[in-house]
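Content type mmCIF, C-alpha atoms (C1' of nucleotides), from the file query_20.cif:
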```cif
data_entry
loop_
_atom_site.group_PDB
_atom_site.id
_atom_site.type_symbol
_atom_site.label_atom_id
_atom_site.label_comp_id
_atom_site.auth_asym_id
_atom_site.auth_seq_id
_atom_site.Cartn_x
_atom_site.Cartn_y
_atom_site.Cartn_z
ATOM 1 C CA MET Y 3 -27.650 30.177 -8.952
ATOM 2 C CA LYS Y 4 -30.948 31.479 -10.334
ATOM 3 C CA LEU Y 5 -32.629 34.698 -9.172
ATOM 4 C CA ALA Y 6 -35.944 36.097 -10.307
ATOM 5 C CA THR Y 7 -38.346 38.998 -9.897
ATOM 6 C CA TRP Y 8 -42.113 39.090 -10.334
ATOM 7 C CA ASN Y 9 -44.718 41.770 -9.719
ATOM 8 C CA VAL Y 10 -47.676 39.589 -8.747
ATOM 9 C CA ASN Y 11 -50.320 42.337 -8.405
ATOM 10 C CA SER Y 12 -51.859 40.894 -5.214
ATOM 11 C CA LEU Y 13 -50.324 37.857 -3.564
ATOM 12 C CA ALA Y 14 -53.740 36.983 -2.132
ATOM 13 C CA VAL Y 15 -54.941 36.341 -5.672
ATOM 14 C CA ARG Y 16 -51.701 35.003 -7.114
ATOM 15 C CA LEU Y 17 -50.374 32.758 -4.310
ATOM 16 C CA PRO Y 18 -51.216 29.478 -6.081
ATOM 17 C CA GLN Y 19 -49.565 30.724 -9.270
ATOM 18 C CA VAL Y 20 -46.462 31.790 -7.340
ATOM 19 C CA LEU Y 21 -46.143 28.396 -5.635
ATOM 20 C CA ASP Y 22 -46.647 26.620 -8.972
ATOM 21 C CA TRP Y 23 -44.048 28.806 -10.616
ATOM 22 C CA LEU Y 24 -41.522 28.287 -7.817
ATOM 23 C CA ALA Y 25 -41.946 24.528 -8.171
ATOM 24 C CA SER Y 26 -41.445 24.535 -11.925
ATOM 25 C CA ALA Y 27 -38.880 27.306 -12.374
ATOM 26 C CA THR Y 28 -36.859 26.371 -9.245
ATOM 27 C CA PRO Y 29 -35.123 29.692 -8.641
ATOM 28 C CA ASP Y 30 -32.858 30.067 -5.618
ATOM 29 C CA VAL Y 31 -34.300 33.522 -4.961
ATOM 30 C CA LEU Y 32 -37.547 35.196 -6.004
ATOM 31 C CA VAL Y 33 -38.463 38.764 -5.107
ATOM 32 C CA LEU Y 34 -42.121 39.734 -5.282
ATOM 33 C CA GLN Y 35 -43.718 43.137 -5.691
ATOM 34 C CA GLU Y 36 -47.244 44.414 -5.100
ATOM 35 C CA THR Y 37 -48.114 41.746 -2.559
ATOM 36 C CA LYS Y 38 -50.779 44.179 -1.256
ATOM 37 C CA LEU Y 39 -50.866 42.457 2.143
ATOM 38 C CA THR Y 40 -50.334 43.722 5.652
ATOM 39 C CA ASP Y 41 -47.634 41.741 7.447
ATOM 40 C CA ASP Y 42 -50.141 39.875 9.625
ATOM 41 C CA LYS Y 43 -51.832 38.505 6.491
ATOM 42 C CA PHE Y 44 -48.690 37.268 4.760
ATOM 43 C CA PRO Y 45 -49.016 33.546 3.846
ATOM 44 C CA GLN Y 46 -45.717 32.492 5.408
ATOM 45 C CA ALA Y 47 -46.921 28.954 6.169
ATOM 46 C CA ALA Y 48 -47.784 28.271 2.535
ATOM 47 C CA PHE Y 49 -44.214 29.104 1.515
ATOM 48 C CA ALA Y 50 -42.727 27.152 4.434
ATOM 49 C CA ASP Y 51 -44.838 24.079 3.606
ATOM 50 C CA ALA Y 52 -43.424 24.172 0.090
ATOM 51 C CA GLY Y 53 -39.872 24.401 1.428
ATOM 52 C CA TRP Y 54 -39.241 28.125 0.994
ATOM 53 C CA GLN Y 55 -37.816 30.693 3.337
ATOM 54 C CA VAL Y 56 -39.464 34.073 3.069
ATOM 55 C CA GLN Y 57 -39.078 37.609 4.373
ATOM 56 C CA TRP Y 58 -41.839 40.119 3.790
ATOM 57 C CA PHE Y 59 -42.725 43.757 4.208
ATOM 58 C CA GLY Y 60 -46.152 45.049 3.334
ATOM 59 C CA GLN Y 61 -48.969 47.465 3.972
ATOM 60 C CA LYS Y 62 -52.687 47.672 3.373
ATOM 61 C CA THR Y 63 -53.991 47.784 -0.213
ATOM 62 C CA TYR Y 64 -50.879 49.051 -1.977
ATOM 63 C CA ASN Y 65 -47.254 48.077 -2.621
ATOM 64 C CA GLY Y 66 -45.683 45.333 -0.477
ATOM 65 C CA VAL Y 67 -42.614 43.223 -1.250
ATOM 66 C CA ALA Y 68 -41.182 39.828 -0.313
ATOM 67 C CA LEU Y 69 -37.944 37.881 -0.616
ATOM 68 C CA VAL Y 70 -38.422 34.141 -1.143
ATOM 69 C CA SER Y 71 -35.390 31.855 -1.054
ATOM 70 C CA ARG Y 72 -34.353 28.238 -0.599
ATOM 71 C CA GLU Y 73 -31.680 29.216 1.912
ATOM 72 C CA ALA Y 74 -32.547 31.731 4.599
ATOM 73 C CA ALA Y 75 -31.641 35.328 3.790
ATOM 74 C CA THR Y 76 -29.422 37.189 6.260
ATOM 75 C CA ASP Y 77 -28.938 40.886 7.018
ATOM 76 C CA VAL Y 78 -32.478 41.692 5.908
ATOM 77 C CA VAL Y 79 -33.314 45.354 5.361
ATOM 78 C CA ARG Y 80 -36.771 46.795 4.795
ATOM 79 C CA ASN Y 81 -37.100 49.986 2.736
ATOM 80 C CA ILE Y 82 -34.346 52.485 2.020
ATOM 81 C CA PRO Y 83 -32.619 53.395 5.289
ATOM 82 C CA GLY Y 84 -33.072 57.035 6.215
ATOM 83 C CA LEU Y 85 -35.731 57.809 3.624
ATOM 84 C CA GLY Y 86 -38.630 57.560 6.049
ATOM 85 C CA ASP Y 87 -40.854 56.206 3.281
ATOM 86 C CA GLU Y 88 -44.375 55.310 4.391
ATOM 87 C CA GLN Y 89 -44.742 52.987 1.393
ATOM 88 C CA ALA Y 90 -43.444 49.397 1.567
ATOM 89 C CA ARG Y 91 -41.285 49.133 -1.541
ATOM 90 C CA VAL Y 92 -37.941 47.497 -0.775
ATOM 91 C CA ILE Y 93 -36.659 44.317 0.824
ATOM 92 C CA ALA Y 94 -33.014 43.291 0.773
ATOM 93 C CA GLY Y 95 -31.101 40.301 2.076
ATOM 94 C CA SER Y 96 -27.989 38.230 1.480
ATOM 95 C CA VAL Y 97 -28.404 34.763 -0.036
ATOM 96 C CA GLY Y 98 -25.617 32.495 -1.244
ATOM 97 C CA GLY Y 99 -23.076 35.298 -1.112
ATOM 98 C CA VAL Y 100 -25.216 37.614 -3.234
ATOM 99 C CA ARG Y 101 -26.630 40.827 -1.834
ATOM 100 C CA THR Y 102 -30.166 40.800 -3.203
ATOM 101 C CA ILE Y 103 -32.318 43.905 -3.342
ATOM 102 C CA GLY Y 104 -35.939 43.551 -4.415
ATOM 103 C CA ALA Y 105 -37.729 46.798 -5.179
ATOM 104 C CA TYR Y 106 -41.082 48.095 -6.312
ATOM 105 C CA PHE Y 107 -40.238 51.464 -7.826
ATOM 106 C CA PRO Y 108 -42.962 54.129 -7.684
ATOM 107 C CA ASN Y 109 -45.187 54.309 -10.742
ATOM 108 C CA GLY Y 110 -45.085 58.095 -10.984
ATOM 109 C CA GLN Y 111 -48.566 58.438 -12.509
ATOM 110 C CA GLU Y 112 -47.674 61.220 -14.948
ATOM 111 C CA PRO Y 113 -44.846 63.679 -15.483
ATOM 112 C CA GLY Y 114 -45.340 66.837 -13.434
ATOM 113 C CA SER Y 115 -47.551 65.185 -10.821
ATOM 114 C CA GLU Y 116 -46.806 64.959 -7.100
ATOM 115 C CA LYS Y 117 -46.400 61.209 -7.564
ATOM 116 C CA PHE Y 118 -43.795 61.846 -10.239
ATOM 117 C CA ALA Y 119 -41.891 64.129 -7.853
ATOM 118 C CA TYR Y 120 -42.038 61.349 -5.246
ATOM 119 C CA LYS Y 121 -40.670 58.901 -7.807
ATOM 120 C CA MET Y 122 -37.733 61.237 -8.463
ATOM 121 C CA ARG Y 123 -36.999 61.652 -4.735
ATOM 122 C CA TRP Y 124 -37.262 57.913 -4.208
ATOM 123 C CA LEU Y 125 -34.890 57.232 -7.104
ATOM 124 C CA ASP Y 126 -32.366 59.721 -5.675
ATOM 125 C CA ALA Y 127 -32.480 57.940 -2.326
ATOM 126 C CA LEU Y 128 -32.252 54.502 -3.930
ATOM 127 C CA ARG Y 129 -29.141 55.434 -5.894
ATOM 128 C CA GLU Y 130 -27.339 56.786 -2.845
ATOM 129 C CA TRP Y 131 -28.251 53.741 -0.778
ATOM 130 C CA VAL Y 132 -27.229 51.277 -3.505
ATOM 131 C CA ARG Y 133 -23.914 53.119 -3.785
ATOM 132 C CA VAL Y 134 -23.286 52.366 -0.098
ATOM 133 C CA GLU Y 135 -24.560 48.783 -0.350
ATOM 134 C CA LEU Y 136 -22.157 48.115 -3.230
ATOM 135 C CA GLN Y 137 -19.212 49.180 -1.100
ATOM 136 C CA ALA Y 138 -20.209 46.698 1.598
ATOM 137 C CA HIS Y 139 -21.407 43.966 -0.812
ATOM 138 C CA PRO Y 140 -19.651 43.985 -4.207
ATOM 139 C CA ALA Y 141 -21.665 40.946 -5.368
ATOM 140 C CA LEU Y 142 -25.060 42.646 -5.648
ATOM 141 C CA VAL Y 143 -28.259 42.251 -7.644
ATOM 142 C CA LEU Y 144 -30.928 44.974 -7.825
ATOM 143 C CA MET Y 145 -34.135 43.612 -9.272
ATOM 144 C CA GLY Y 146 -37.802 44.390 -9.353
ATOM 145 C CA ASP Y 147 -40.499 46.425 -11.041
ATOM 146 C CA TYR Y 148 -38.613 49.589 -12.001
ATOM 147 C CA ASN Y 149 -41.579 51.227 -13.719
ATOM 148 C CA ILE Y 150 -39.010 52.513 -16.219
ATOM 149 C CA ALA Y 151 -38.600 51.428 -19.834
ATOM 150 C CA PRO Y 152 -34.892 52.192 -20.269
ATOM 151 C CA ASP Y 153 -34.860 52.502 -24.045
ATOM 152 C CA ASP Y 154 -37.201 52.727 -27.024
ATOM 153 C CA ARG Y 155 -36.426 49.031 -27.655
ATOM 154 C CA ASP Y 156 -38.325 48.392 -24.445
ATOM 155 C CA VAL Y 157 -41.568 49.983 -25.665
ATOM 156 C CA PHE Y 158 -44.036 48.474 -28.127
ATOM 157 C CA ASP Y 159 -44.969 51.893 -29.537
ATOM 158 C CA PRO Y 160 -42.157 54.313 -28.702
ATOM 159 C CA VAL Y 161 -43.740 57.159 -30.672
ATOM 160 C CA ALA Y 162 -47.016 56.998 -28.764
ATOM 161 C CA TRP Y 163 -45.169 56.552 -25.450
ATOM 162 C CA ALA Y 164 -42.568 59.291 -26.010
ATOM 163 C CA GLY Y 165 -42.450 61.448 -22.887
ATOM 164 C CA GLN Y 166 -45.154 59.391 -21.176
ATOM 165 C CA ILE Y 167 -44.752 57.810 -17.761
ATOM 166 C CA HIS Y 168 -42.113 55.017 -17.732
ATOM 167 C CA CYS Y 169 -40.453 56.652 -20.762
ATOM 168 C CA THR Y 170 -39.562 60.204 -19.715
ATOM 169 C CA PRO Y 171 -35.979 61.461 -20.053
ATOM 170 C CA GLU Y 172 -35.908 61.998 -16.265
ATOM 171 C CA GLU Y 173 -36.773 58.375 -15.520
ATOM 172 C CA ARG Y 174 -34.347 57.093 -18.124
ATOM 173 C CA ALA Y 175 -31.601 59.311 -16.695
ATOM 174 C CA HIS Y 176 -32.201 57.709 -13.305
ATOM 175 C CA PHE Y 177 -31.874 54.263 -14.855
ATOM 176 C CA GLN Y 178 -28.555 55.336 -16.393
ATOM 177 C CA GLY Y 179 -27.560 56.711 -12.996
ATOM 178 C CA LEU Y 180 -27.951 53.240 -11.523
ATOM 179 C CA LEU Y 181 -25.825 51.776 -14.313
ATOM 180 C CA ALA Y 182 -23.210 54.458 -13.555
ATOM 181 C CA LEU Y 183 -22.795 52.954 -10.077
ATOM 182 C CA GLY Y 184 -21.297 49.908 -11.768
ATOM 183 C CA LEU Y 185 -24.453 47.935 -12.484
ATOM 184 C CA HIS Y 186 -25.406 46.167 -15.702
ATOM 185 C CA ASP Y 187 -28.787 45.401 -17.244
ATOM 186 C CA ALA Y 188 -28.494 41.596 -17.261
ATOM 187 C CA PHE Y 189 -31.097 41.250 -20.006
ATOM 188 C CA ARG Y 190 -29.013 43.334 -22.408
ATOM 189 C CA LEU Y 191 -25.834 41.355 -21.790
ATOM 190 C CA PHE Y 192 -27.289 38.891 -24.282
ATOM 191 C CA GLU Y 193 -28.855 38.982 -27.703
ATOM 192 C CA GLN Y 194 -32.610 39.019 -27.125
ATOM 193 C CA PRO Y 195 -35.682 38.619 -29.276
ATOM 194 C CA PRO Y 196 -37.124 41.958 -30.432
ATOM 195 C CA LYS Y 197 -40.366 43.001 -28.728
ATOM 196 C CA SER Y 198 -39.417 41.461 -25.395
ATOM 197 C CA TRP Y 199 -41.692 42.820 -22.675
ATOM 198 C CA SER Y 200 -42.261 42.089 -18.995
ATOM 199 C CA TRP Y 201 -45.641 43.850 -18.649
ATOM 200 C CA TRP Y 202 -48.767 44.019 -20.762
ATOM 201 C CA ASP Y 203 -51.802 46.139 -19.884
ATOM 202 C CA TYR Y 204 -54.885 44.136 -18.955
ATOM 203 C CA ARG Y 205 -56.824 46.273 -21.433
ATOM 204 C CA ASN Y 206 -56.909 46.323 -25.197
ATOM 205 C CA LEU Y 207 -56.013 42.644 -25.620
ATOM 206 C CA ALA Y 208 -52.475 43.901 -25.101
ATOM 207 C CA PHE Y 209 -50.952 40.520 -24.312
ATOM 208 C CA ARG Y 210 -52.529 38.836 -27.294
ATOM 209 C CA LYS Y 211 -51.256 41.637 -29.508
ATOM 210 C CA ASN Y 212 -47.886 41.636 -27.701
ATOM 211 C CA GLN Y 213 -48.191 45.320 -26.883
ATOM 212 C CA GLY Y 214 -46.112 45.709 -23.751
ATOM 213 C CA LEU Y 215 -43.200 47.346 -22.006
ATOM 214 C CA ARG Y 216 -40.002 46.015 -20.473
ATOM 215 C CA ILE Y 217 -40.138 47.658 -17.052
ATOM 216 C CA ASP Y 218 -39.029 44.769 -14.801
ATOM 217 C CA HIS Y 219 -35.272 44.521 -14.604
ATOM 218 C CA ILE Y 220 -32.331 42.709 -13.062
ATOM 219 C CA LEU Y 221 -29.215 44.807 -12.611
ATOM 220 C CA VAL Y 222 -26.011 42.985 -11.629
ATOM 221 C CA SER Y 223 -22.873 44.513 -10.167
ATOM 222 C CA ASP Y 224 -19.459 44.623 -11.858
ATOM 223 C CA ALA Y 225 -18.304 41.822 -9.569
ATOM 224 C CA LEU Y 226 -21.121 39.539 -10.784
ATOM 225 C CA ARG Y 227 -21.098 40.440 -14.449
ATOM 226 C CA ALA Y 228 -18.718 37.692 -15.543
ATOM 227 C CA ARG Y 229 -20.890 35.114 -13.760
ATOM 228 C CA VAL Y 230 -24.088 35.955 -15.652
ATOM 229 C CA GLN Y 231 -24.935 32.999 -17.886
ATOM 230 C CA ALA Y 232 -28.455 33.928 -18.989
ATOM 231 C CA CYS Y 233 -31.241 36.433 -18.464
ATOM 232 C CA THR Y 234 -34.717 35.640 -19.698
ATOM 233 C CA ILE Y 235 -38.334 36.687 -19.449
ATOM 234 C CA ASP Y 236 -40.728 33.825 -18.711
ATOM 235 C CA LYS Y 237 -43.953 34.698 -20.527
ATOM 236 C CA GLN Y 238 -45.752 31.549 -19.436
ATOM 237 C CA PRO Y 239 -47.344 32.935 -16.238
ATOM 238 C CA ARG Y 240 -48.890 35.767 -18.254
ATOM 239 C CA ARG Y 241 -50.894 33.080 -20.088
ATOM 240 C CA ASN Y 242 -52.417 31.789 -16.848
ATOM 241 C CA GLU Y 243 -56.041 32.256 -15.980
ATOM 242 C CA ARG Y 244 -56.317 35.398 -13.878
ATOM 243 C CA PRO Y 245 -52.708 36.385 -14.555
ATOM 244 C CA SER Y 246 -50.684 39.200 -13.098
ATOM 245 C CA ASP Y 247 -50.106 41.924 -15.661
ATOM 246 C CA HIS Y 248 -46.353 41.365 -15.132
ATOM 247 C CA THR Y 249 -44.382 38.200 -15.814
ATOM 248 C CA PRO Y 250 -41.168 36.924 -14.172
ATOM 249 C CA VAL Y 251 -37.649 37.891 -15.225
ATOM 250 C CA LEU Y 252 -34.796 35.525 -14.350
ATOM 251 C CA VAL Y 253 -31.030 35.626 -14.229
ATOM 252 C CA THR Y 254 -28.673 32.647 -13.986
ATOM 253 C CA LEU Y 255 -25.296 33.069 -12.306
ATOM 254 C CA GLY Y 256 -22.513 30.535 -12.690
ATOM 255 C "C1'" DA K 234 -62.387 52.342 -26.964
ATOM 256 C "C1'" DT K 235 -62.054 55.955 -21.502
ATOM 257 C "C1'" DG K 236 -61.435 48.864 -23.467
ATOM 258 C "C1'" DT K 237 -59.110 45.498 -17.127
ATOM 259 C "C1'" DC K 238 -58.002 44.178 -12.647
ATOM 260 C "C1'" DA K 239 -57.581 44.592 -7.513
ATOM 261 C "C1'" DC K 240 -58.876 46.702 -3.391
ATOM 262 C "C1'" DC K 241 -61.095 49.908 -0.512
ATOM 263 C "C1'" DT K 242 -65.363 52.078 1.555
ATOM 264 C "C1'" DG K 243 -69.676 51.401 2.286
ATOM 265 C "C1'" DG K 244 -72.870 49.050 0.878
ATOM 266 C "C1'" DT K 245 -74.617 45.531 -3.348
ATOM 267 C "C1'" DA K 246 -71.894 50.855 -6.826
ATOM 268 C "C1'" DG K 247 -68.134 54.220 -7.030
ATOM 269 C "C1'" DG K 248 -63.370 55.799 -6.293
ATOM 270 C "C1'" DT K 249 -58.358 55.015 -6.545
ATOM 271 C "C1'" DG K 250 -54.200 53.130 -8.346
ATOM 272 C "C1'" DA K 251 -51.855 50.737 -11.720
#
```

Could you take the file, read its structure, and then write that structure out as structure tokens?
Amino acid sequence: MKLATWNVNSLAVRLPQVLDWLASATPDVLVLQETKLTDDKFPQAAFADAGWQVQWFGQKTYNGVALVSREAATDVVRNIPGLGDEQARVIAGSVGGVRTIGAYFPNGQEPGSEKFAYKMRWLDALREWVRVELQAHPALVLMGDYNIAPDDRDVFDPVAWAGQIHCTPEERAHFQGLLALGLHDAFRLFEQPPKSWSWWDYRNLAFRKNQGLRIDHILVSDALRARVQACTIDKQPRRNERPSDHTPVLVTLG
DNA sequence: ATGTCACCTGGTAGGTGA
């Protein structure tokens, strides 16, 4: 079973690339972030025509998530229950016996800002909800755009980025807090090439110079850990014309 | 390089968010 996450930075723009990628990568599950579509505009028919089930949850202009799968997802949840978040950031469902949570974590803008405080509150709520979800669904995957680079290995210039957004001790502590629930960074279960990133700024020729961050992650529960056969970043979509600034991350379960 | 991209409002540019 193959699961993947991809921040597409506008599904309206990236829909053809997503359908192409689904056809070539053949995941069983793909979670999308930053669809930037209200629910009435979601291109459900395009997915259905290509043989994909899809659940979606969006808003105007910002955020928006979707859960694409070969088999229909069950027990679908939108956003973190009880948080009362006005921003569409989470979609969860069960597929093939795996509880799948797709999330677009807040960016946080800069440490000390109101948006950073919101990111911290959101992360608190996420952790408590995932704790409960794990009790009900031991086989669980939490994947998406975390907007957190967990370690200096995940940053192309850790000195320049020290203390900056995505790299603050507070954000990294939250990432460790998720691991403390009994989750594992699937990418780091394997030896990986140095300078592995999932996002490159559109500016500064960052992709060409391979100046990026690893901020898109797949966390797997204790119960799934032994089944993880591979976790990879697929850089190919970042080479497309009009690419997203993020590229897909995949995990293979046996 | 404050370097790009996407989307909105409100117009054919400027602001916001990432």

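With atom CA of Met145 of chain Y on one side and atom CA of Phe209 of chain Y on the other, the separation reads 22.8 Å.
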
**Prompt:** Any idea what's packed within 10 Å of DG250 of chain K, counting all atoms listed in the file, ignoring anything in its chain fewer than 6 positions away? Could you give it as a PyMOL selection string?
**Reply:** (chain Y and resi 63-64+109+111) or (chain K and resi 239-240)

Kindly resolve the PyMOL selection byres ((chain K) within 8 of (chain Y)) on the present coordinates and return the residues as a PDB file with C-alpha atoms (C1' of nucleotides), in the frame of the given file.
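New file out25.pdb:
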```pdb
ATOM      1  C1'  DG K 236     -61.435  48.864 -23.467  1.00  0.00           C
ATOM      2  C1'  DT K 237     -59.110  45.498 -17.127  1.00  0.00           C
ATOM      3  C1'  DC K 238     -58.002  44.178 -12.647  1.00  0.00           C
ATOM      4  C1'  DA K 239     -57.581  44.592  -7.513  1.00  0.00           C
ATOM      5  C1'  DC K 240     -58.876  46.702  -3.391  1.00  0.00           C
ATOM      6  C1'  DC K 241     -61.095  49.908  -0.512  1.00  0.00           C
ATOM      7  C1'  DA K 251     -51.855  50.737 -11.720  1.00  0.00           C
TER       8       DA K 251
END
```

**Request:** List the residues matched by the PyMOL selection byres ((chain Y and resi 190) around 10) in the displayed structure as a list in words, ordered by chain and then by residue number.
**Result:** His186, Asp187, Ala188, Phe189, Leu191, Phe192, Glu193, Gln194, Ile220, Leu221, Cys233 and Thr234 of chain Y

**Prompt:** Expanded to explicit residues, what is the PyMOL selection byres ((chain Y and resi 211-216) around 7) for this file, as a ChimeraX atom specification?
**Reply:** /Y:151,156-158,198-203,207-210,217-218

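Taking atom CA of Phe107 of chain Y and atom CA of Asp147 of chain Y as endpoints, the distance between them is 6.0 Å.
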
**Request:** Could you please determine the separation between atom CA of Gly53 of chain Y and atom CA of Arg227 of chain Y in Å, to one decimal place?
**Result:** 29.4 Å
